[in-house]
>>> print(open('model.pdb').read())   # PDB, N, CA and C atoms
MODEL        1
ATOM      1  N   MET A   1       3.935   8.701   5.895
ATOM      2  CA  MET A   1       3.417   7.349   5.900
ATOM      3  C   MET A   1       3.860   6.653   7.180
ATOM      4  N   THR A   2       2.920   6.311   8.006
ATOM      5  CA  THR A   2       3.263   5.662   9.264
ATOM      6  C   THR A   2       2.688   4.263   9.377
ATOM      7  N   LYS A   3       1.673   3.941   8.586
ATOM      8  CA  LYS A   3       1.072   2.612   8.651
ATOM      9  C   LYS A   3       1.774   1.688   7.658
ATOM     10  N   PRO A   4       1.946   0.402   8.009
ATOM     11  CA  PRO A   4       2.685  -0.514   7.128
ATOM     12  C   PRO A   4       2.123  -0.613   5.704
ATOM     13  N   LEU A   5       0.805  -0.573   5.551
ATOM     14  CA  LEU A   5       0.229  -0.701   4.201
ATOM     15  C   LEU A   5       0.283   0.592   3.405
ATOM     16  N   ASP A   6       0.699   1.698   4.029
ATOM     17  CA  ASP A   6       0.879   2.941   3.269
ATOM     18  C   ASP A   6       1.927   2.761   2.175
ATOM     19  N   ARG A   7       2.737   1.726   2.305
ATOM     20  CA  ARG A   7       3.741   1.434   1.273
ATOM     21  C   ARG A   7       3.096   1.132  -0.074
ATOM     22  N   LEU A   8       1.819   0.764  -0.065
ATOM     23  CA  LEU A   8       1.112   0.504  -1.326
ATOM     24  C   LEU A   8       0.855   1.790  -2.115
ATOM     25  N   ILE A   9       0.825   2.930  -1.432
ATOM     26  CA  ILE A   9       0.522   4.203  -2.098
ATOM     27  C   ILE A   9       1.560   4.469  -3.179
ATOM     28  N   GLY A  10       1.063   4.750  -4.373
ATOM     29  CA  GLY A  10       1.919   4.993  -5.528
ATOM     30  C   GLY A  10       2.179   3.760  -6.370
ATOM     31  N   MET A  11       1.839   2.578  -5.861
ATOM     32  CA  MET A  11       2.027   1.343  -6.632
ATOM     33  C   MET A  11       0.875   1.156  -7.611
ATOM     34  N   THR A  12       1.193   0.573  -8.740
ATOM     35  CA  THR A  12       0.195   0.279  -9.771
ATOM     36  C   THR A  12      -0.284  -1.155  -9.616
ATOM     37  N   LEU A  13      -1.589  -1.360  -9.764
ATOM     38  CA  LEU A  13      -2.152  -2.713  -9.741
ATOM     39  C   LEU A  13      -1.920  -3.343 -11.109
ATOM     40  N   LEU A  14      -1.099  -4.383 -11.149
ATOM     41  CA  LEU A  14      -0.727  -5.036 -12.410
ATOM     42  C   LEU A  14      -1.697  -6.137 -12.815
ATOM     43  N   SER A  15      -2.265  -6.832 -11.818
ATOM     44  CA  SER A  15      -3.239  -7.879 -12.123
ATOM     45  C   SER A  15      -4.119  -8.112 -10.910
ATOM     46  N   ALA A  16      -5.310  -8.633 -11.175
ATOM     47  CA  ALA A  16      -6.269  -8.940 -10.106
ATOM     48  C   ALA A  16      -7.019 -10.200 -10.526
ATOM     49  N   GLU A  17      -6.935 -11.231  -9.689
ATOM     50  CA  GLU A  17      -7.572 -12.505 -10.000
ATOM     51  C   GLU A  17      -8.351 -13.013  -8.798
ATOM     52  N   ILE A  18      -9.434 -13.696  -9.079
ATOM     53  CA  ILE A  18     -10.224 -14.325  -8.028
ATOM     54  C   ILE A  18      -9.857 -15.796  -7.994
ATOM     55  N   ALA A  19      -9.373 -16.265  -6.844
ATOM     56  CA  ALA A  19      -9.060 -17.677  -6.649
ATOM     57  C   ALA A  19     -10.190 -18.299  -5.835
ATOM     58  N   SER A  20     -10.098 -19.584  -5.570
ATOM     59  CA  SER A  20     -11.197 -20.270  -4.888
ATOM     60  C   SER A  20     -11.468 -19.721  -3.494
ATOM     61  N   GLU A  21     -10.447 -19.364  -2.744
ATOM     62  CA  GLU A  21     -10.620 -18.891  -1.370
ATOM     63  C   GLU A  21     -10.058 -17.496  -1.146
ATOM     64  N   SER A  22      -9.666 -16.796  -2.222
ATOM     65  CA  SER A  22      -9.018 -15.503  -2.032
ATOM     66  C   SER A  22      -9.146 -14.622  -3.268
ATOM     67  N   ALA A  23      -8.782 -13.366  -3.077
ATOM     68  CA  ALA A  23      -8.585 -12.437  -4.186
ATOM     69  C   ALA A  23      -7.092 -12.154  -4.218
ATOM     70  N   GLU A  24      -6.487 -12.259  -5.382
ATOM     71  CA  GLU A  24      -5.045 -12.073  -5.537
ATOM     72  C   GLU A  24      -4.790 -10.797  -6.324
ATOM     73  N   LEU A  25      -4.132  -9.835  -5.688
ATOM     74  CA  LEU A  25      -3.795  -8.570  -6.328
ATOM     75  C   LEU A  25      -2.279  -8.474  -6.432
ATOM     76  N   ARG A  26      -1.779  -8.230  -7.629
ATOM     77  CA  ARG A  26      -0.344  -8.078  -7.827
ATOM     78  C   ARG A  26      -0.065  -6.616  -8.152
ATOM     79  N   PHE A  27       0.618  -5.959  -7.238
ATOM     80  CA  PHE A  27       1.010  -4.572  -7.426
ATOM     81  C   PHE A  27       2.432  -4.517  -7.963
ATOM     82  N   SER A  28       2.893  -3.332  -8.338
ATOM     83  CA  SER A  28       4.224  -3.204  -8.917
ATOM     84  C   SER A  28       5.333  -3.693  -7.986
ATOM     85  N   ARG A  29       5.151  -3.608  -6.657
ATOM     86  CA  ARG A  29       6.176  -4.087  -5.732
ATOM     87  C   ARG A  29       5.581  -4.828  -4.539
ATOM     88  N   CYS A  30       4.432  -5.461  -4.749
ATOM     89  CA  CYS A  30       3.777  -6.178  -3.647
ATOM     90  C   CYS A  30       2.769  -7.182  -4.194
ATOM     91  N   ASP A  31       2.747  -8.364  -3.596
ATOM     92  CA  ASP A  31       1.701  -9.350  -3.861
ATOM     93  C   ASP A  31       0.765  -9.331  -2.659
ATOM     94  N   PHE A  32      -0.520  -9.176  -2.924
ATOM     95  CA  PHE A  32      -1.513  -8.989  -1.870
ATOM     96  C   PHE A  32      -2.606 -10.037  -2.032
ATOM     97  N   SER A  33      -2.878 -10.784  -0.963
ATOM     98  CA  SER A  33      -3.932 -11.796  -0.979
ATOM     99  C   SER A  33      -4.983 -11.443   0.065
ATOM    100  N   ALA A  34      -6.245 -11.399  -0.348
ATOM    101  CA  ALA A  34      -7.357 -11.142   0.571
ATOM    102  C   ALA A  34      -8.067 -12.457   0.829
ATOM    103  N   TYR A  35      -8.136 -12.862   2.107
ATOM    104  CA  TYR A  35      -8.761 -14.126   2.494
ATOM    105  C   TYR A  35     -10.090 -13.911   3.211
ATOM    106  N   SER A  36     -10.575 -12.707   3.214
ATOM    107  CA  SER A  36     -11.830 -12.354   3.869
ATOM    108  C   SER A  36     -12.811 -11.904   2.795
ATOM    109  N   THR A  37     -14.033 -11.641   3.187
ATOM    110  CA  THR A  37     -15.018 -11.120   2.244
ATOM    111  C   THR A  37     -14.483  -9.818   1.655
ATOM    112  N   TYR A  38     -14.607  -9.662   0.350
ATOM    113  CA  TYR A  38     -14.103  -8.467  -0.323
ATOM    114  C   TYR A  38     -15.089  -8.022  -1.388
ATOM    115  N   SER A  39     -14.931  -6.783  -1.816
ATOM    116  CA  SER A  39     -15.720  -6.250  -2.919
ATOM    117  C   SER A  39     -14.934  -5.098  -3.526
ATOM    118  N   SER A  40     -15.402  -4.638  -4.669
ATOM    119  CA  SER A  40     -14.740  -3.499  -5.297
ATOM    120  C   SER A  40     -15.769  -2.662  -6.042
ATOM    121  N   PHE A  41     -15.388  -1.440  -6.263
ATOM    122  CA  PHE A  41     -16.187  -0.544  -7.096
ATOM    123  C   PHE A  41     -15.215   0.298  -7.882
ATOM    124  N   PRO A  42     -15.263   0.295  -9.211
ATOM    125  CA  PRO A  42     -16.120  -0.556 -10.039
ATOM    126  C   PRO A  42     -15.671  -2.010  -9.943
ATOM    127  N   ASP A  43     -16.058  -2.832 -10.908
ATOM    128  CA  ASP A  43     -15.747  -4.253 -10.829
ATOM    129  C   ASP A  43     -14.235  -4.474 -10.727
ATOM    130  N   PHE A  44     -13.906  -5.596 -10.128
ATOM    131  CA  PHE A  44     -12.543  -5.987  -9.781
ATOM    132  C   PHE A  44     -11.536  -5.740 -10.906
ATOM    133  N   GLY A  45     -11.825  -6.223 -12.095
ATOM    134  CA  GLY A  45     -10.897  -6.117 -13.223
ATOM    135  C   GLY A  45     -10.652  -4.697 -13.682
ATOM    136  N   SER A  46     -11.585  -3.803 -13.444
ATOM    137  CA  SER A  46     -11.440  -2.405 -13.862
ATOM    138  C   SER A  46     -10.381  -1.651 -13.063
ATOM    139  N   LEU A  47      -9.966  -2.213 -11.951
ATOM    140  CA  LEU A  47      -8.950  -1.553 -11.130
ATOM    141  C   LEU A  47      -7.539  -1.778 -11.662
ATOM    142  N   VAL A  48      -7.362  -2.790 -12.504
ATOM    143  CA  VAL A  48      -6.040  -3.100 -13.060
ATOM    144  C   VAL A  48      -5.540  -1.904 -13.869
ATOM    145  N   GLY A  49      -4.291  -1.551 -13.638
ATOM    146  CA  GLY A  49      -3.673  -0.422 -14.321
ATOM    147  C   GLY A  49      -3.762   0.876 -13.531
ATOM    148  N   GLN A  50      -4.554   0.871 -12.472
ATOM    149  CA  GLN A  50      -4.683   2.075 -11.658
ATOM    150  C   GLN A  50      -3.615   2.101 -10.559
ATOM    151  N   THR A  51      -3.384   3.290 -10.021
ATOM    152  CA  THR A  51      -2.389   3.503  -8.974
ATOM    153  C   THR A  51      -3.086   3.740  -7.640
ATOM    154  N   VAL A  52      -2.530   3.152  -6.583
ATOM    155  CA  VAL A  52      -3.088   3.316  -5.242
ATOM    156  C   VAL A  52      -2.908   4.766  -4.788
ATOM    157  N   GLN A  53      -4.010   5.375  -4.353
ATOM    158  CA  GLN A  53      -4.005   6.750  -3.855
ATOM    159  C   GLN A  53      -3.926   6.809  -2.336
ATOM    160  N   SER A  54      -4.592   5.855  -1.668
ATOM    161  CA  SER A  54      -4.565   5.817  -0.200
ATOM    162  C   SER A  54      -4.997   4.451   0.279
ATOM    163  N   VAL A  55      -4.678   4.171   1.537
ATOM    164  CA  VAL A  55      -5.090   2.935   2.203
ATOM    165  C   VAL A  55      -5.683   3.368   3.539
ATOM    166  N   VAL A  56      -6.945   2.987   3.768
ATOM    167  CA  VAL A  56      -7.645   3.399   4.978
ATOM    168  C   VAL A  56      -8.148   2.164   5.705
ATOM    169  N   GLY A  57      -7.790   2.055   6.965
ATOM    170  CA  GLY A  57      -8.243   0.929   7.771
ATOM    171  C   GLY A  57      -9.106   1.403   8.922
ATOM    172  N   SER A  58     -10.063   0.576   9.288
ATOM    173  CA  SER A  58     -10.895   0.836  10.452
ATOM    174  C   SER A  58     -11.030  -0.479  11.209
ATOM    175  N   MET A  59     -11.861  -0.494  12.216
ATOM    176  CA  MET A  59     -12.057  -1.718  12.997
ATOM    177  C   MET A  59     -12.673  -2.840  12.173
ATOM    178  N   ASP A  60     -13.490  -2.490  11.165
ATOM    179  CA  ASP A  60     -14.229  -3.528  10.455
ATOM    180  C   ASP A  60     -13.880  -3.690   8.976
ATOM    181  N   ARG A  61     -13.039  -2.807   8.419
ATOM    182  CA  ARG A  61     -12.674  -2.996   7.012
ATOM    183  C   ARG A  61     -11.415  -2.244   6.642
ATOM    184  N   LEU A  62     -10.815  -2.706   5.547
ATOM    185  CA  LEU A  62      -9.656  -2.070   4.945
ATOM    186  C   LEU A  62     -10.089  -1.618   3.561
ATOM    187  N   VAL A  63      -9.740  -0.395   3.194
ATOM    188  CA  VAL A  63     -10.091   0.134   1.874
ATOM    189  C   VAL A  63      -8.811   0.562   1.165
ATOM    190  N   ILE A  64      -8.576   0.003  -0.020
ATOM    191  CA  ILE A  64      -7.481   0.430  -0.882
ATOM    192  C   ILE A  64      -8.124   1.310  -1.951
ATOM    193  N   ARG A  65      -7.773   2.596  -1.947
ATOM    194  CA  ARG A  65      -8.395   3.555  -2.870
ATOM    195  C   ARG A  65      -7.491   3.832  -4.049
ATOM    196  N   PHE A  66      -8.107   3.777  -5.210
ATOM    197  CA  PHE A  66      -7.446   4.091  -6.471
ATOM    198  C   PHE A  66      -8.025   5.406  -6.989
ATOM    199  N   ALA A  67      -7.496   5.927  -8.075
ATOM    200  CA  ALA A  67      -8.011   7.176  -8.640
ATOM    201  C   ALA A  67      -9.481   7.036  -9.032
ATOM    202  N   PHE A  68      -9.850   5.867  -9.549
ATOM    203  CA  PHE A  68     -11.216   5.668 -10.033
ATOM    204  C   PHE A  68     -11.840   4.400  -9.478
ATOM    205  N   GLY A  69     -11.682   4.161  -8.182
ATOM    206  CA  GLY A  69     -12.313   2.993  -7.596
ATOM    207  C   GLY A  69     -11.733   2.642  -6.240
ATOM    208  N   GLU A  70     -12.309   1.600  -5.641
ATOM    209  CA  GLU A  70     -11.883   1.150  -4.324
ATOM    210  C   GLU A  70     -12.002  -0.364  -4.220
ATOM    211  N   PHE A  71     -11.134  -0.948  -3.417
ATOM    212  CA  PHE A  71     -11.178  -2.373  -3.100
ATOM    213  C   PHE A  71     -11.373  -2.464  -1.594
ATOM    214  N   PHE A  72     -12.425  -3.164  -1.165
ATOM    215  CA  PHE A  72     -12.789  -3.276   0.246
ATOM    216  C   PHE A  72     -12.533  -4.700   0.742
ATOM    217  N   ILE A  73     -11.990  -4.820   1.958
ATOM    218  CA  ILE A  73     -11.784  -6.111   2.592
ATOM    219  C   ILE A  73     -12.383  -6.050   3.990
ATOM    220  N   SER A  74     -13.221  -7.020   4.318
ATOM    221  CA  SER A  74     -13.789  -7.071   5.658
ATOM    222  C   SER A  74     -12.725  -7.515   6.653
ATOM    223  N   LEU A  75     -12.664  -6.846   7.795
ATOM    224  CA  LEU A  75     -11.757  -7.238   8.873
ATOM    225  C   LEU A  75     -12.517  -7.881  10.022
ATOM    226  N   HIS A  76     -13.775  -8.174   9.781
ATOM    227  CA  HIS A  76     -14.599  -8.825  10.806
ATOM    228  C   HIS A  76     -14.248 -10.318  10.806
ATOM    229  N   PRO A  77     -13.830 -10.873  11.947
ATOM    230  CA  PRO A  77     -13.392 -12.280  11.987
ATOM    231  C   PRO A  77     -14.399 -13.285  11.422
ATOM    232  N   ASP A  78     -15.682 -13.024  11.516
ATOM    233  CA  ASP A  78     -16.677 -13.951  10.968
ATOM    234  C   ASP A  78     -16.624 -14.031   9.442
ATOM    235  N   ASP A  79     -15.994 -13.053   8.794
ATOM    236  CA  ASP A  79     -15.908 -13.029   7.333
ATOM    237  C   ASP A  79     -14.635 -13.662   6.794
ATOM    238  N   TYR A  80     -13.696 -14.037   7.674
ATOM    239  CA  TYR A  80     -12.443 -14.647   7.234
ATOM    240  C   TYR A  80     -12.715 -16.022   6.624
ATOM    241  N   ARG A  81     -11.994 -16.346   5.554
ATOM    242  CA  ARG A  81     -12.067 -17.674   4.951
ATOM    243  C   ARG A  81     -10.896 -18.536   5.398
ATOM    244  N   GLY A  82     -10.002 -17.924   6.136
ATOM    245  CA  GLY A  82      -8.826 -18.612   6.653
ATOM    246  C   GLY A  82      -8.445 -17.979   7.969
ATOM    247  N   PRO A  83      -7.207 -18.167   8.417
ATOM    248  CA  PRO A  83      -6.816 -17.628   9.721
ATOM    249  C   PRO A  83      -6.586 -16.113   9.732
ATOM    250  N   GLU A  84      -6.445 -15.494   8.562
ATOM    251  CA  GLU A  84      -6.238 -14.049   8.518
ATOM    252  C   GLU A  84      -7.104 -13.401   7.448
ATOM    253  N   ALA A  85      -7.224 -12.079   7.519
ATOM    254  CA  ALA A  85      -8.025 -11.332   6.545
ATOM    255  C   ALA A  85      -7.244 -11.100   5.252
ATOM    256  N   PHE A  86      -5.951 -10.799   5.385
ATOM    257  CA  PHE A  86      -5.129 -10.539   4.202
ATOM    258  C   PHE A  86      -3.660 -10.746   4.523
ATOM    259  N   CYS A  87      -2.867 -10.800   3.463
ATOM    260  CA  CYS A  87      -1.419 -10.907   3.574
ATOM    261  C   CYS A  87      -0.806 -10.079   2.448
ATOM    262  N   ALA A  88       0.097  -9.177   2.794
ATOM    263  CA  ALA A  88       0.809  -8.369   1.800
ATOM    264  C   ALA A  88       2.289  -8.744   1.867
ATOM    265  N   ARG A  89       2.850  -9.126   0.715
ATOM    266  CA  ARG A  89       4.253  -9.518   0.643
ATOM    267  C   ARG A  89       4.979  -8.533  -0.272
ATOM    268  N   PHE A  90       5.784  -7.661   0.323
ATOM    269  CA  PHE A  90       6.470  -6.621  -0.438
ATOM    270  C   PHE A  90       7.755  -7.153  -1.063
ATOM    271  N   ALA A  91       8.180  -6.510  -2.154
ATOM    272  CA  ALA A  91       9.350  -6.962  -2.906
ATOM    273  C   ALA A  91      10.621  -6.953  -2.073
ATOM    274  N   ASP A  92      10.713  -6.105  -1.046
ATOM    275  CA  ASP A  92      11.920  -6.038  -0.220
ATOM    276  C   ASP A  92      11.930  -7.093   0.893
ATOM    277  N   GLY A  93      10.912  -7.972   0.903
ATOM    278  CA  GLY A  93      10.865  -9.044   1.885
ATOM    279  C   GLY A  93       9.949  -8.790   3.069
ATOM    280  N   ALA A  94       9.452  -7.571   3.215
ATOM    281  CA  ALA A  94       8.543  -7.255   4.337
ATOM    282  C   ALA A  94       7.175  -7.878   4.100
ATOM    283  N   TRP A  95       6.557  -8.326   5.187
ATOM    284  CA  TRP A  95       5.218  -8.915   5.146
ATOM    285  C   TRP A  95       4.309  -8.131   6.096
ATOM    286  N   VAL A  96       3.041  -7.982   5.707
ATOM    287  CA  VAL A  96       2.029  -7.414   6.595
ATOM    288  C   VAL A  96       0.862  -8.395   6.581
ATOM    289  N   VAL A  97       0.490  -8.883   7.756
ATOM    290  CA  VAL A  97      -0.593  -9.858   7.872
ATOM    291  C   VAL A  97      -1.586  -9.351   8.910
ATOM    292  N   GLU A  98      -2.858  -9.451   8.574
ATOM    293  CA  GLU A  98      -3.917  -9.063   9.512
ATOM    294  C   GLU A  98      -4.855 -10.240   9.688
TER     295      GLU A  98
ENDMDL
END
>>> encode(input="model.pdb", output="structure tokens")
Amino acid sequence: MTKPLDRLIGMTLLSAEIASESAELRFSRCDFSAYSTYSSFPDFGSLVGQTVQSVVGSMDRLVIRFAFGEFFISLHPDDYRGPEAFCARFADGAWVVE
């Protein structure tokens, strides 16, 4: 694991909520907020209880893959609803912001 968000691998998604300007995902050891356009397959709530298998980033999107689904976040600046695309706050105090 060399990328900062690889720390999500193996964590279980405990809850997933849609707020007015964000998607809030609570993992077993990380709180994750998406402030950009996002989507999931299957539907958002169906990912709860699943474990992260991989995290894949590209120039235009971030994909959090679970055993039976994926959560996509746009990294295109025009899709941001705030100053950043996402913020991950890990239980040990580390933060990852894009």
>>> closest_residue(input="model.pdb", among="A:Phe32, A:Glu17, A:Leu8, A:Thr37", to="A:Ala88", atoms="only C-alpha atoms")
A:Phe32
>>> closest_residue(input="model.pdb", among="A:Gly82, A:Gly10, A:Gly49, A:Gly93", to="A:Ala34", atoms="only N, CA and C atoms")
A:Gly82
>>> atom_distance(input="model.pdb", atom1="atom CA of A:Ile73", atom2="atom CA of A:Arg7")
17.3 Å
>>> residues_around(input="model.pdb", residues="A:Phe44", least_positions_apart="2", cutoff="8 Å", atoms="only N, CA and C atoms", output="PyMOL selection string")
chain A and resi 15-17+39-42+46-48+70-71
>>> atom_distance(input="model.pdb", atom1="atom C of A:Asp79", atom2="atom N of A:Glu24")
14.7 Å
>>> resolve_selection(input="model.pdb", expression="the PyMOL selection byres ((chain A and resi 66) around 6)", output="list in words")
Gln50, Thr51, Val52, Gln53, Ser54, Ile64, Arg65, Ala67, Phe68, Gly69, Glu70 and Phe71 of chain A
>>> residues_around(input="model.pdb", residues="A:Phe86", least_positions_apart="4", cutoff="5 Å", atoms="only N, CA and C atoms", output="PyMOL selection string")
chain A and resi 33-35+97-98
>>> resolve_selection(input="model.pdb", expression="the PyMOL selection byres (((chain A and resi 59-63 and name CA) around 6) and name CA)", output="PyMOL selection string")
chain A and resi 55-58+64+71-76
>>> write_last_selection(input="model.pdb", atoms="N, CA and C atoms", output="PDB file, in the coordinates of the input")
ATOM      1  N   VAL A  55      -4.678   4.171   1.537  1.00  0.00           N
ATOM      2  CA  VAL A  55      -5.090   2.935   2.203  1.00  0.00           C
ATOM      3  C   VAL A  55      -5.683   3.368   3.539  1.00  0.00           C
ATOM      4  N   VAL A  56      -6.945   2.987   3.768  1.00  0.00           N
ATOM      5  CA  VAL A  56      -7.645   3.399   4.978  1.00  0.00           C
ATOM      6  C   VAL A  56      -8.148   2.164   5.705  1.00  0.00           C
ATOM      7  N   GLY A  57      -7.790   2.055   6.965  1.00  0.00           N
ATOM      8  CA  GLY A  57      -8.243   0.929   7.771  1.00  0.00           C
ATOM      9  C   GLY A  57      -9.106   1.403   8.922  1.00  0.00           C
ATOM     10  N   SER A  58     -10.063   0.576   9.288  1.00  0.00           N
ATOM     11  CA  SER A  58     -10.895   0.836  10.452  1.00  0.00           C
ATOM     12  C   SER A  58     -11.030  -0.479  11.209  1.00  0.00           C
ATOM     13  N   ILE A  64      -8.576   0.003  -0.020  1.00  0.00           N
ATOM     14  CA  ILE A  64      -7.481   0.430  -0.882  1.00  0.00           C
ATOM     15  C   ILE A  64      -8.124   1.310  -1.951  1.00  0.00           C
ATOM     16  N   PHE A  71     -11.134  -0.948  -3.417  1.00  0.00           N
ATOM     17  CA  PHE A  71     -11.178  -2.373  -3.100  1.00  0.00           C
ATOM     18  C   PHE A  71     -11.373  -2.464  -1.594  1.00  0.00           C
ATOM     19  N   PHE A  72     -12.425  -3.164  -1.165  1.00  0.00           N
ATOM     20  CA  PHE A  72     -12.789  -3.276   0.246  1.00  0.00           C
ATOM     21  C   PHE A  72     -12.533  -4.700   0.742  1.00  0.00           C
ATOM     22  N   ILE A  73     -11.990  -4.820   1.958  1.00  0.00           N
ATOM     23  CA  ILE A  73     -11.784  -6.111   2.592  1.00  0.00           C
ATOM     24  C   ILE A  73     -12.383  -6.050   3.990  1.00  0.00           C
ATOM     25  N   SER A  74     -13.221  -7.020   4.318  1.00  0.00           N
ATOM     26  CA  SER A  74     -13.789  -7.071   5.658  1.00  0.00           C
ATOM     27  C   SER A  74     -12.725  -7.515   6.653  1.00  0.00           C
ATOM     28  N   LEU A  75     -12.664  -6.846   7.795  1.00  0.00           N
ATOM     29  CA  LEU A  75     -11.757  -7.238   8.873  1.00  0.00           C
ATOM     30  C   LEU A  75     -12.517  -7.881  10.022  1.00  0.00           C
ATOM     31  N   HIS A  76     -13.775  -8.174   9.781  1.00  0.00           N
ATOM     32  CA  HIS A  76     -14.599  -8.825  10.806  1.00  0.00           C
ATOM     33  C   HIS A  76     -14.248 -10.318  10.806  1.00  0.00           C
TER      34      HIS A  76
END
>>> residues_near_point(input="model.pdb", point="(4.7, -4.7, 2.5)", cutoff="8 Å", atoms="all atoms listed in the file", output="list in words")
Pro4, Leu5, Asp6, Arg7, Leu8, Arg29, Cys30, Asp31, Cys87, Ala88, Arg89, Phe90, Ala91, Asp92, Gly93, Ala94, Trp95, Val96 and Val97 of chain A
>>> select_by_dssp(input="model.pdb", residues="chain A", states="strand (DSSP E)", output="PyMOL selection string")
chain A and resi 13-18+23-27+30-34+38-41+52-57+61-66+69-74+86-90+95-97
